>>> print(open('entry-v4.csv').read())   # CSV, N, CA and C atoms
chain,number,residue,atom,x,y,z
P,7,LYS,N,17.5,-10.8,11.6
P,7,LYS,CA,16.5,-11.7,12.3
P,7,LYS,C,15.1,-11.0,12.4
P,8,ASP,N,15.1,-9.7,12.3
P,8,ASP,CA,13.8,-9.0,12.4
P,8,ASP,C,13.1,-8.7,11.0
P,9,ILE,N,13.7,-9.2,10.0
P,9,ILE,CA,13.2,-8.9,8.6
P,9,ILE,C,12.3,-10.1,8.2
P,10,ASP,N,11.1,-9.8,7.7
P,10,ASP,CA,10.2,-10.8,7.2
P,10,ASP,C,9.7,-10.3,5.9
P,11,ILE,N,10.1,-11.0,4.8
P,11,ILE,CA,9.7,-10.6,3.5
P,11,ILE,C,8.6,-11.5,3.0
P,12,ARG,N,7.5,-10.9,2.5
P,12,ARG,CA,6.4,-11.7,2.0
P,12,ARG,C,6.2,-11.4,0.5
P,13,ASN,N,5.9,-12.4,-0.3
P,13,ASN,CA,5.6,-12.2,-1.7
P,13,ASN,C,4.3,-12.8,-1.9
P,14,CYS,N,3.2,-12.0,-1.7
P,14,CYS,CA,1.9,-12.5,-1.8
P,14,CYS,C,0.9,-11.3,-2.0
P,15,TRP,N,-0.4,-11.6,-2.2
P,15,TRP,CA,-1.4,-10.5,-2.2
P,15,TRP,C,-1.6,-10.1,-0.7
P,16,PHE,N,-1.9,-8.8,-0.5
P,16,PHE,CA,-2.1,-8.4,0.8
P,16,PHE,C,-3.3,-9.0,1.5
P,17,GLN,N,-4.3,-9.4,0.7
P,17,GLN,CA,-5.5,-10.0,1.2
P,17,GLN,C,-5.2,-11.4,1.9
P,18,ASP,N,-4.0,-12.0,1.5
P,18,ASP,CA,-3.7,-13.3,2.0
P,18,ASP,C,-2.9,-13.2,3.3
P,19,LEU,N,-2.5,-11.9,3.7
P,19,LEU,CA,-1.7,-11.8,5.0
P,19,LEU,C,-2.6,-11.7,6.2
P,20,ASP,N,-2.2,-12.3,7.2
P,20,ASP,CA,-2.9,-12.3,8.5
P,20,ASP,C,-1.9,-11.6,9.5
P,21,LEU,N,-1.9,-10.3,9.6
P,21,LEU,CA,-0.9,-9.6,10.4
P,21,LEU,C,-1.7,-8.9,11.5
P,22,ALA,N,-1.1,-8.8,12.7
P,22,ALA,CA,-1.6,-8.1,13.8
P,22,ALA,C,-1.6,-6.6,13.6
P,23,PRO,N,-2.6,-5.9,14.2
P,23,PRO,CA,-2.6,-4.5,14.1
P,23,PRO,C,-1.3,-3.9,14.6
P,24,GLU,N,-0.8,-2.8,14.0
P,24,GLU,CA,0.4,-2.1,14.4
P,24,GLU,C,1.6,-3.1,14.7
P,25,SER,N,1.8,-4.0,13.7
P,25,SER,CA,2.9,-4.9,13.9
P,25,SER,C,4.0,-4.8,12.8
P,26,VAL,N,3.8,-3.8,11.9
P,26,VAL,CA,4.8,-3.8,10.8
P,26,VAL,C,5.4,-2.4,10.7
P,27,GLN,N,6.7,-2.4,10.6
P,27,GLN,CA,7.5,-1.1,10.5
P,27,GLN,C,7.4,-0.5,9.1
P,28,ALA,N,7.4,-1.3,8.0
P,28,ALA,CA,7.3,-0.8,6.7
P,28,ALA,C,6.6,-1.8,5.8
P,29,VAL,N,5.8,-1.2,4.9
P,29,VAL,CA,5.2,-2.0,3.8
P,29,VAL,C,5.8,-1.4,2.5
P,30,ILE,N,6.5,-2.3,1.7
P,30,ILE,CA,7.1,-1.9,0.5
P,30,ILE,C,6.5,-2.7,-0.6
P,31,THR,N,5.9,-2.1,-1.6
P,31,THR,CA,5.1,-2.9,-2.6
P,31,THR,C,5.2,-2.2,-4.0
P,32,ASP,N,4.7,-2.9,-4.9
P,32,ASP,CA,4.6,-2.5,-6.3
P,32,ASP,C,3.2,-2.8,-6.8
P,33,ILE,N,2.3,-1.9,-6.6
P,33,ILE,CA,0.9,-2.2,-6.9
P,33,ILE,C,0.7,-2.1,-8.4
P,34,PRO,N,-0.3,-2.8,-8.9
P,34,PRO,CA,-0.6,-2.7,-10.4
P,34,PRO,C,-0.8,-1.3,-10.9
P,35,TYR,N,-0.3,-1.0,-12.1
P,35,TYR,CA,-0.3,0.3,-12.6
P,35,TYR,C,-1.6,0.6,-13.5
P,36,ASP,N,-2.5,-0.3,-13.6
P,36,ASP,CA,-3.5,-0.1,-14.6
P,36,ASP,C,-4.8,0.5,-13.9
P,37,ARG,N,-5.6,1.1,-14.8
P,37,ARG,CA,-6.9,1.7,-14.3
P,37,ARG,C,-7.8,0.7,-13.7
P,38,GLU,N,-7.8,-0.6,-14.2
P,38,GLU,CA,-8.7,-1.6,-13.7
P,38,GLU,C,-8.5,-1.8,-12.2
P,39,PHE,N,-7.2,-1.9,-11.8
P,39,PHE,CA,-6.9,-2.1,-10.4
P,39,PHE,C,-7.3,-0.8,-9.6
P,40,ALA,N,-6.9,0.4,-10.2
P,40,ALA,CA,-7.2,1.6,-9.5
P,40,ALA,C,-8.7,1.9,-9.3
P,41,GLU,N,-9.5,1.4,-10.1
P,41,GLU,CA,-11.0,1.6,-10.0
P,41,GLU,C,-11.7,0.4,-9.4
P,42,SER,N,-11.0,-0.6,-9.0
P,42,SER,CA,-11.6,-1.8,-8.5
P,42,SER,C,-12.0,-1.8,-7.0
P,43,GLY,N,-11.5,-0.8,-6.3
P,43,GLY,CA,-11.8,-0.7,-4.8
P,43,GLY,C,-10.6,-1.3,-4.0
P,44,GLU,N,-9.7,-1.9,-4.7
P,44,GLU,CA,-8.6,-2.5,-4.0
P,44,GLU,C,-7.6,-1.5,-3.4
P,45,LEU,N,-7.5,-0.3,-4.1
P,45,LEU,CA,-6.7,0.7,-3.5
P,45,LEU,C,-7.2,1.1,-2.1
P,46,ALA,N,-8.5,1.3,-2.0
P,46,ALA,CA,-9.0,1.7,-0.7
P,46,ALA,C,-8.8,0.6,0.3
P,47,GLU,N,-9.0,-0.7,-0.1
P,47,GLU,CA,-8.8,-1.8,0.7
P,47,GLU,C,-7.4,-1.9,1.2
P,48,PHE,N,-6.4,-1.7,0.3
P,48,PHE,CA,-5.0,-1.7,0.6
P,48,PHE,C,-4.6,-0.6,1.6
P,49,ALA,N,-5.1,0.6,1.3
P,49,ALA,CA,-4.9,1.7,2.2
P,49,ALA,C,-5.3,1.4,3.7
P,50,ALA,N,-6.5,0.8,3.8
P,50,ALA,CA,-7.0,0.4,5.1
P,50,ALA,C,-6.2,-0.7,5.7
P,51,PHE,N,-5.7,-1.6,4.9
P,51,PHE,CA,-4.8,-2.7,5.4
P,51,PHE,C,-3.5,-2.0,6.0
P,52,ALA,N,-2.9,-1.1,5.2
P,52,ALA,CA,-1.7,-0.5,5.6
P,52,ALA,C,-1.9,0.3,6.9
P,53,GLU,N,-3.0,1.1,6.9
P,53,GLU,CA,-3.3,1.8,8.1
P,53,GLU,C,-3.4,0.9,9.4
P,54,ARG,N,-4.0,-0.2,9.2
P,54,ARG,CA,-4.2,-1.2,10.3
P,54,ARG,C,-2.9,-1.8,10.8
P,55,VAL,N,-2.0,-2.2,9.8
P,55,VAL,CA,-0.9,-3.0,10.2
P,55,VAL,C,0.4,-2.2,10.6
P,56,LEU,N,0.5,-1.0,10.1
P,56,LEU,CA,1.7,-0.2,10.3
P,56,LEU,C,1.7,0.3,11.7
P,57,VAL,N,2.9,0.3,12.3
P,57,VAL,CA,3.1,0.9,13.7
P,57,VAL,C,3.0,2.4,13.5
P,58,PRO,N,2.7,3.1,14.6
P,58,PRO,CA,2.7,4.6,14.5
P,58,PRO,C,4.1,5.0,14.0
P,59,GLY,N,4.1,5.9,13.0
P,59,GLY,CA,5.4,6.3,12.4
P,59,GLY,C,5.9,5.4,11.3
P,60,GLY,N,5.2,4.2,11.1
P,60,GLY,CA,5.6,3.3,10.1
P,60,GLY,C,5.5,3.9,8.7
P,61,ILE,N,6.1,3.3,7.7
P,61,ILE,CA,6.0,3.8,6.3
P,61,ILE,C,5.5,2.8,5.3
P,62,LEU,N,4.8,3.4,4.3
P,62,LEU,CA,4.4,2.6,3.2
P,62,LEU,C,5.1,3.2,2.0
P,63,VAL,N,5.8,2.3,1.3
P,63,VAL,CA,6.5,2.7,0.0
P,63,VAL,C,5.9,1.9,-1.1
P,64,THR,N,5.5,2.6,-2.1
P,64,THR,CA,4.9,1.9,-3.3
P,64,THR,C,5.3,2.5,-4.6
P,65,TYR,N,5.5,1.7,-5.6
P,65,TYR,CA,5.7,2.1,-6.9
P,65,TYR,C,4.3,2.2,-7.5
P,66,THR,N,4.1,3.2,-8.4
P,66,THR,CA,2.8,3.3,-9.1
P,66,THR,C,3.0,4.0,-10.4
P,67,GLY,N,2.2,3.8,-11.4
P,67,GLY,CA,2.3,4.5,-12.6
P,67,GLY,C,1.7,5.9,-12.6
P,68,GLN,N,2.1,6.8,-13.4
P,68,GLN,CA,1.6,8.1,-13.5
P,68,GLN,C,0.1,8.1,-13.9
P,69,LEU,N,-0.2,7.1,-14.7
P,69,LEU,CA,-1.6,7.0,-15.2
P,69,LEU,C,-2.6,7.0,-14.1
P,70,VAL,N,-2.3,6.4,-13.0
P,70,VAL,CA,-3.3,6.3,-11.9
P,70,VAL,C,-2.8,7.0,-10.6
P,71,LEU,N,-1.8,7.8,-10.7
P,71,LEU,CA,-1.2,8.5,-9.5
P,71,LEU,C,-2.3,9.3,-8.8
P,72,ASP,N,-3.2,10.0,-9.5
P,72,ASP,CA,-4.2,10.8,-8.9
P,72,ASP,C,-5.1,9.9,-8.0
P,73,ARG,N,-5.5,8.7,-8.5
P,73,ARG,CA,-6.3,7.8,-7.7
P,73,ARG,C,-5.6,7.3,-6.5
P,74,VAL,N,-4.3,7.0,-6.7
P,74,VAL,CA,-3.5,6.4,-5.6
P,74,VAL,C,-3.5,7.5,-4.4
P,75,PHE,N,-3.2,8.7,-4.8
P,75,PHE,CA,-3.1,9.8,-3.8
P,75,PHE,C,-4.5,10.0,-3.1
P,76,ALA,N,-5.6,10.0,-3.9
P,76,ALA,CA,-6.9,10.2,-3.4
P,76,ALA,C,-7.3,9.1,-2.4
P,77,GLU,N,-7.1,7.8,-2.7
P,77,GLU,CA,-7.4,6.7,-1.8
P,77,GLU,C,-6.5,6.6,-0.6
P,78,PHE,N,-5.2,6.7,-0.9
P,78,PHE,CA,-4.3,6.6,0.3
P,78,PHE,C,-4.4,7.7,1.2
P,79,GLY,N,-4.7,8.9,0.7
P,79,GLY,CA,-4.9,10.1,1.5
P,79,GLY,C,-6.0,10.0,2.5
P,80,LYS,N,-7.0,9.1,2.3
P,80,LYS,CA,-8.1,8.9,3.2
P,80,LYS,C,-7.7,8.2,4.5
P,81,LYS,N,-6.6,7.5,4.4
P,81,LYS,CA,-6.1,6.6,5.5
P,81,LYS,C,-4.7,6.9,6.0
P,82,LEU,N,-3.9,7.5,5.1
P,82,LEU,CA,-2.4,7.6,5.4
P,82,LEU,C,-2.0,9.0,5.2
P,83,THR,N,-0.9,9.4,5.8
P,83,THR,CA,-0.3,10.7,5.6
P,83,THR,C,0.8,10.7,4.6
P,84,TYR,N,0.7,11.6,3.6
P,84,TYR,CA,1.6,11.6,2.5
P,84,TYR,C,3.0,12.2,3.0
P,85,GLY,N,4.1,11.6,2.6
P,85,GLY,CA,5.4,12.0,3.0
P,85,GLY,C,6.3,12.5,1.9
P,86,TRP,N,6.4,11.8,0.8
P,86,TRP,CA,7.4,12.2,-0.1
P,86,TRP,C,7.2,11.4,-1.4
P,87,THR,N,7.6,12.1,-2.6
P,87,THR,CA,7.6,11.4,-3.9
P,87,THR,C,9.0,11.4,-4.4
P,88,MET,N,9.4,10.3,-5.0
P,88,MET,CA,10.7,10.2,-5.6
P,88,MET,C,10.6,9.8,-7.1
>>> encode(input="entry-v4.csv", output="structure tokens")
Amino acid sequence: KDIDIRNCWFQDLDLAPESVQAVITDIPYDREFAESGELAEFAAFAERVLVPGGILVTYTGQLVLDRVFAEFGKKLTYGWTM
């Protein structure tokens, strides 16, 4: 009853601050997305909606992994790579 799955762009979500336990996503793997500013926007979104101690899990390609770490690291604390 406490699970809410959304299949949409994060920009379309209207979530209250600190209202989400986990964000699990598969962001685009291409350089265009990585360089568009949306990584920074998504990191800010995740920082805002995650509860303290909440987690963000994302798949990403190795081609843009450095950009993902750089942008997410500005807002989020790195935990683990699998």
>>> residues_around(input="entry-v4.csv", residues="Leu71 of chain P", least_positions_apart="6", cutoff="10 Å", atoms="only C-alpha atoms", output="count of residues only")
3
>>> closest_residue(input="entry-v4.csv", among="P:Ala28, P:Pro23, P:Glu77, P:Ile11", to="Arg54 of chain P", atoms="all atoms listed in the file")
P:Pro23
>>> atom_distance(input="entry-v4.csv", atom1="atom CA of Pro58 of chain P", atom2="atom N of Val70 of chain P")
28.0 Å
>>> closest_residue(input="entry-v4.csv", among="P:Phe39, P:Tyr84, P:Phe51, P:Phe75", to="Phe16 of chain P", atoms="only C-alpha atoms")
P:Phe51
>>> atom_distance(input="entry-v4.csv", atom1="atom CA of Ala49 of chain P", atom2="atom CA of Lys7 of chain P")
27.2 Å
>>> atom_distance(input="entry-v4.csv", atom1="atom CA of Gly67 of chain P", atom2="atom N of Asn13 of chain P")
21.2 Å
>>> select_by_dssp(input="entry-v4.csv", residues="chain P", states="strand (DSSP E)", output="ChimeraX atom specification")
/P:26-32,56-65
>>> closest_residue(input="entry-v4.csv", among="P:Val55, P:Ser42, P:Ile33, P:Ser25", to="Asp8 of chain P", atoms="only C-alpha atoms")
P:Ser25
>>> select_by_dssp(input="entry-v4.csv", residues="segment 49-79 of chain P", states="alpha helix (DSSP H)", output="number ranges by chain")
P: 49-55, 71-79
>>> residues_around(input="entry-v4.csv", residues="Leu21 of chain P", least_positions_apart="6", cutoff="12 Å", atoms="only C-alpha atoms", output="VMD selection string")
chain P and resid 10 12 27 29 51 to 57
>>> closest_residue(input="entry-v4.csv", among="P:Leu62, P:Ile30, P:Leu19, P:Ala50", to="Lys80 of chain P", atoms="all atoms listed in the file")
P:Ala50
